[in-house]
Amino acid sequence: MSKIFDVVVIGGGPGGYIAAIRAAQLGMTVACIDEWKNSKGGPALGGTCTNVGCIPSKALLQSSEYFDHANHHFADHGIEVKSVSMDVAKMVARKDVVVKQNNDGIQYLFKKNKVTFFHGRGSFQKAVDGGYEVKASGATEEVLMTKHVVVATGSTARALPGTPFDEDLILSNDGALRIGAVPKKLGLIGSGVIGLEMGSVWRRLGSEVTILEGLPTFLGAVDEQIAKEAHKAFTKQGLKIELGAKVGEIKTGKKGVSVSWTNAKGEAQKLDVDKLIVSIGRVPNTVGLNAEAVGLKLDERGAIVVDDDCRTSALGVWAVGDVVRGPMLAHKAEEEGVAVAERIAGQHGHVNFNTVPWVIYTSPEIAWVGQTEQQLKASGRAYKAGSFPFLANGRARALGDTTGMVKMLADAETDEILGVHIVGPMASELISECVVAMEFKASSEDIARICHAHPSLSEATKEAALAVDKRALNF
Ligand code: FAD
Ligand code: NAI
């Protein structure tokens with residue numbers, strides 16, 4: 001006999017599990033089906049983000065940053081460390097514990113909010129009068145009847161044509177997060193977000209890292225001035241980033257991986273590495289969903305077509321997160337999940353795509369919200385710019401981390417903040433103030449007039465706002 005729910009969510013990543021919890025908070029009966037398995041075959045809620053994405057990558061970034069500090073920065077503070085070594089197995093095991101804490105946390109939240117969880121694959125069976133039949137296939141098979149379905153099946157790593165991931169020599173994000181020993185030489189294809197974060201982890205631990213990037217520009221989506229500053233810092237640290245690289249044949253053998261490639265000048269090159277991480281973007285995942293059974297439209301990238309409110313082409317079926325258009329970010333998925341649950345409940349959930357922040361958790365961190373200077377120029381909008389270097393910030397000097405700047409862009413006439421771009425220490429935290437400001441349509445003068453604690457990195461944001469009006473006080 002089928003079980004009846006108000007809402008069935010397929011996928012338990014940040015988009016799906018948050019949608020399930022919010023729908024349950026709003027008084028609906030909710031089921032969530034997720035197929036992710038931990039190493040013992042048990043459930044591991046949280047999707048890509050928790051298992052092989054945001055959380056484990058940040059755990060490794062933290063461990064490797066401590067190692068880097070002990071090796072290169074403690075001495076500046078008078079701390080003498082005789083011998084520093086890294087136990088990679090322990091670092092990876094710690095990361096696994098952090099992941100499990102997050103998996104368990106979501107299971108606890110499901111229990112607390114009375115979300116019924118099915119461990120297995122969710123797929124559409126058919127549309128029925130007033131709703132849908134959804135199959136949950138795991139250790140047992142159940143048919144769930146529901147009026148509303150939220151599809152949150154996420155994304156998977158894109159492989160290079162003809163070079164599938166074996167997760168031993170050719171690694172996706174999954175394998176990249178569980179390398180067992182520091183590779184002497186590590187290659188990466190793609191200097192996007194994963195390339196830079198994973199490249200940083202293994203460089204700090206001692207790998208010789210080379211990144212082959214297809215485009216001639218570095219971090220094309222980032223404000224040019226910020227990208228330039230970041231490129232300078234990464235290169236100084238020892239990351240070898242080859243722009244305009246055309247990757248050719250990739251061979252694997254006993255000695256590792258050999259990549260034939262052509263540089264920006266058109267010269268043939270060879271890169272021999274112990275392991276190769278391929279980080280060239282991700283593809284929306286609808287495998288096994290049987291989307292055609294209910295007529296879900298997909299676009300040419302394989303993403304589920306949705307309107308601004310995450311409605312799909314099938315009435316009562318919604319889709320959120322990486323499986324739909326827009327940035328592939330956990331917080332964007334979560335916001336869509338909340339908004340969809342609220343719309344199902346008859347409320348007016350809303351996601352403001354103009355204020356979704358981006359963060360790259362390298363050192364220095366890169367964070368931004370809103371439009372870049374090149375976007376404003378291209379759109380012909382008149383703007384004012386102000387920036388402030390961390391070199392002139394007292395807290396950054398005390399931290400011993402003065403790389404980078406805060407840059408603020410505001411409308412030339414109204415002074416409304418149009419974008420903020422940060423490269424430097426704790427950019428991930430600093431950007432929140434700017435997101436709040438933009439949500440409230442603040443002007444740069446609003447930030448400039450707010451009292452910021454001293455000494456704090458956030459004073460750089462205030463000074464950048466003052467600089468928009470050419471009246472920075474400390475630079
Ligand atoms: P997912 O997290 O991919 O979850 C989808 C879930 O659905 C999975 O558990 C999957 O097993 C399940 N599923 C799929 N099909 C079915 C089915 N038919 N039946 C049952 N279950 C199914 N974003 C950030 O914002 N910040 C970061 O720092 C960050 N770091 C990242 C680092 C890496 C290495 C990677 C790869 C990604 C990172 N991201 C980050 C991106 C972030 O992980 C994704 O944007 C986010 O996970 C998308 O959430 P989602 O719910 O749409 O999908
Ligand atoms: P990405 O889109 O960030 O970067 C891919 C890079 O690969 C681009 O620079 C692209 O030009 C390059 N590329 C594509 N094809 C190529 C080829 N054939 N040869 C050489 N270079 C090529 O994708 P990435 O790094 O795989 O990450 C996927 C997504 O995961 C990100 O876009 C982001 O949405 C999410 N993510 C977010 C993080 C964060 O928020 N901190 C961290 C990691 C991932």
# chains A, B, ... in the order shown; residues from 1 in each chain; ligands from 1
>>> residues_near_ligand(ligand="ligand 1", cutoff="6 Å", atoms="only C-alpha atoms and all ligand atoms", output="JSON, numbers by chain")
{"A": [10, 11, 12, 13, 14, 15, 16, 33, 34, 35, 36, 46, 47, 48, 49, 52, 53, 54, 57, 120, 121, 122, 123, 152, 153, 154, 155, 173, 194, 288, 289, 321, 322, 323, 328, 329, 330, 331, 333]}
>>> residues_near_ligand(ligand="ligand 2", cutoff="8 Å", atoms="only C-alpha atoms and all ligand atoms", output="MDAnalysis selection string")
chainID A and resid 53:54 57 157:158 160 173 189:197 212:215 218:220 244:247 278:282 327:330 358:361
>>> atom_distance(atom1="atom CA of Ser387 of chain A", atom2="atom CA of Ala472 of chain A")
8.9 Å
>>> select_by_dssp(residues="segment 161-300 of chain A", states="strand (DSSP E)", output="JSON, numbers by chain")
{"A": [170, 171, 185, 186, 187, 188, 189, 208, 209, 210, 211, 212, 240, 241, 242, 246, 247, 248, 249, 250, 251, 252, 253, 256, 257, 258, 259, 260, 261, 262, 268, 269, 270, 271, 272, 273, 275, 276, 277, 278, 282, 283, 284]}
>>> residues_around(residues="Asp309 of chain A", least_positions_apart="5", cutoff="10 Å", atoms="only C-alpha atoms", output="list in words")
Trp318, Ala319, Val320, Glu336, Ala339, Val340, Arg343, His348, Gly349, His350 and Val351 of chain A
>>> decode(residues="segment 242-279 of chain A", atoms="N, CA and C atoms", output="compact mmCIF listing (two decimals), in the first residue's frame")
# COMPACT_ATOMS: atom_id res chain seq x y z
N GLU A 242 48.89 27.67 -15.50
CA GLU A 242 49.12 27.86 -16.94
C GLU A 242 47.80 28.24 -17.60
N LEU A 243 47.69 29.50 -18.04
CA LEU A 243 46.46 29.95 -18.68
C LEU A 243 46.51 29.65 -20.18
N GLY A 244 45.33 29.55 -20.79
CA GLY A 244 45.27 29.32 -22.25
C GLY A 244 45.83 27.96 -22.63
N ALA A 245 45.73 26.98 -21.73
CA ALA A 245 46.29 25.65 -21.99
C ALA A 245 45.26 24.77 -22.71
N LYS A 246 45.71 24.08 -23.74
CA LYS A 246 44.82 23.17 -24.47
C LYS A 246 45.25 21.75 -24.12
N VAL A 247 44.38 21.06 -23.41
CA VAL A 247 44.74 19.71 -22.96
C VAL A 247 44.49 18.71 -24.07
N GLY A 248 45.52 17.86 -24.32
CA GLY A 248 45.39 16.83 -25.36
C GLY A 248 45.26 15.45 -24.73
N GLU A 249 46.11 14.54 -25.18
CA GLU A 249 46.01 13.15 -24.72
C GLU A 249 46.43 13.01 -23.25
N ILE A 250 45.69 12.15 -22.55
CA ILE A 250 46.04 11.88 -21.15
C ILE A 250 46.28 10.37 -21.03
N LYS A 251 47.49 10.01 -20.57
CA LYS A 251 47.81 8.58 -20.44
C LYS A 251 48.08 8.26 -18.98
N THR A 252 47.57 7.11 -18.54
CA THR A 252 47.89 6.69 -17.18
C THR A 252 48.79 5.45 -17.26
N GLY A 253 49.65 5.31 -16.26
CA GLY A 253 50.55 4.16 -16.23
C GLY A 253 51.02 3.92 -14.82
N LYS A 254 51.99 3.02 -14.68
CA LYS A 254 52.50 2.69 -13.33
C LYS A 254 53.09 3.90 -12.64
N LYS A 255 53.67 4.81 -13.45
CA LYS A 255 54.37 5.96 -12.85
C LYS A 255 53.45 7.14 -12.59
N GLY A 256 52.20 7.03 -12.99
CA GLY A 256 51.27 8.14 -12.77
C GLY A 256 50.55 8.55 -14.04
N VAL A 257 50.44 9.87 -14.23
CA VAL A 257 49.65 10.38 -15.34
C VAL A 257 50.51 11.29 -16.20
N SER A 258 50.37 11.14 -17.49
CA SER A 258 51.11 12.00 -18.42
C SER A 258 50.10 12.77 -19.27
N VAL A 259 50.19 14.09 -19.22
CA VAL A 259 49.24 14.95 -19.94
C VAL A 259 49.97 15.68 -21.06
N SER A 260 49.52 15.49 -22.29
CA SER A 260 50.07 16.29 -23.39
C SER A 260 49.21 17.54 -23.50
N TRP A 261 49.86 18.68 -23.59
CA TRP A 261 49.07 19.92 -23.69
C TRP A 261 49.83 20.96 -24.49
N THR A 262 49.09 21.97 -24.94
CA THR A 262 49.70 23.03 -25.73
C THR A 262 49.56 24.33 -24.95
N ASN A 263 50.65 25.08 -24.84
CA ASN A 263 50.56 26.33 -24.06
C ASN A 263 49.96 27.46 -24.90
N ALA A 264 49.82 28.62 -24.25
CA ALA A 264 49.15 29.76 -24.90
C ALA A 264 49.87 30.20 -26.18
N LYS A 265 51.18 29.89 -26.25
CA LYS A 265 51.94 30.26 -27.46
C LYS A 265 51.82 29.20 -28.55
N GLY A 266 51.11 28.13 -28.26
CA GLY A 266 50.92 27.06 -29.24
C GLY A 266 52.02 26.01 -29.21
N GLU A 267 52.86 26.07 -28.16
CA GLU A 267 53.97 25.10 -28.07
C GLU A 267 53.52 23.82 -27.37
N ALA A 268 53.94 22.68 -27.90
CA ALA A 268 53.57 21.39 -27.31
C ALA A 268 54.31 21.18 -25.99
N GLN A 269 53.58 20.71 -24.99
CA GLN A 269 54.15 20.52 -23.65
C GLN A 269 53.74 19.15 -23.11
N LYS A 270 54.44 18.71 -22.07
CA LYS A 270 54.09 17.46 -21.41
C LYS A 270 54.10 17.70 -19.90
N LEU A 271 53.08 17.22 -19.23
CA LEU A 271 53.04 17.34 -17.77
C LEU A 271 52.96 15.93 -17.18
N ASP A 272 53.97 15.53 -16.44
CA ASP A 272 53.96 14.21 -15.79
C ASP A 272 53.71 14.41 -14.30
N VAL A 273 52.65 13.78 -13.82
CA VAL A 273 52.29 13.96 -12.40
C VAL A 273 51.93 12.61 -11.78
N ASP A 274 51.91 12.61 -10.44
CA ASP A 274 51.52 11.37 -9.73
C ASP A 274 50.01 11.20 -9.75
N LYS A 275 49.31 12.32 -9.65
CA LYS A 275 47.85 12.27 -9.69
C LYS A 275 47.35 13.49 -10.44
N LEU A 276 46.15 13.32 -11.05
CA LEU A 276 45.56 14.43 -11.80
C LEU A 276 44.12 14.66 -11.31
N ILE A 277 43.86 15.88 -10.86
CA ILE A 277 42.48 16.24 -10.46
C ILE A 277 41.85 16.97 -11.64
N VAL A 278 40.69 16.49 -12.07
CA VAL A 278 39.98 17.17 -13.16
C VAL A 278 38.83 17.96 -12.53
N SER A 279 38.95 19.29 -12.60
CA SER A 279 37.94 20.17 -11.98
C SER A 279 37.52 21.19 -13.02
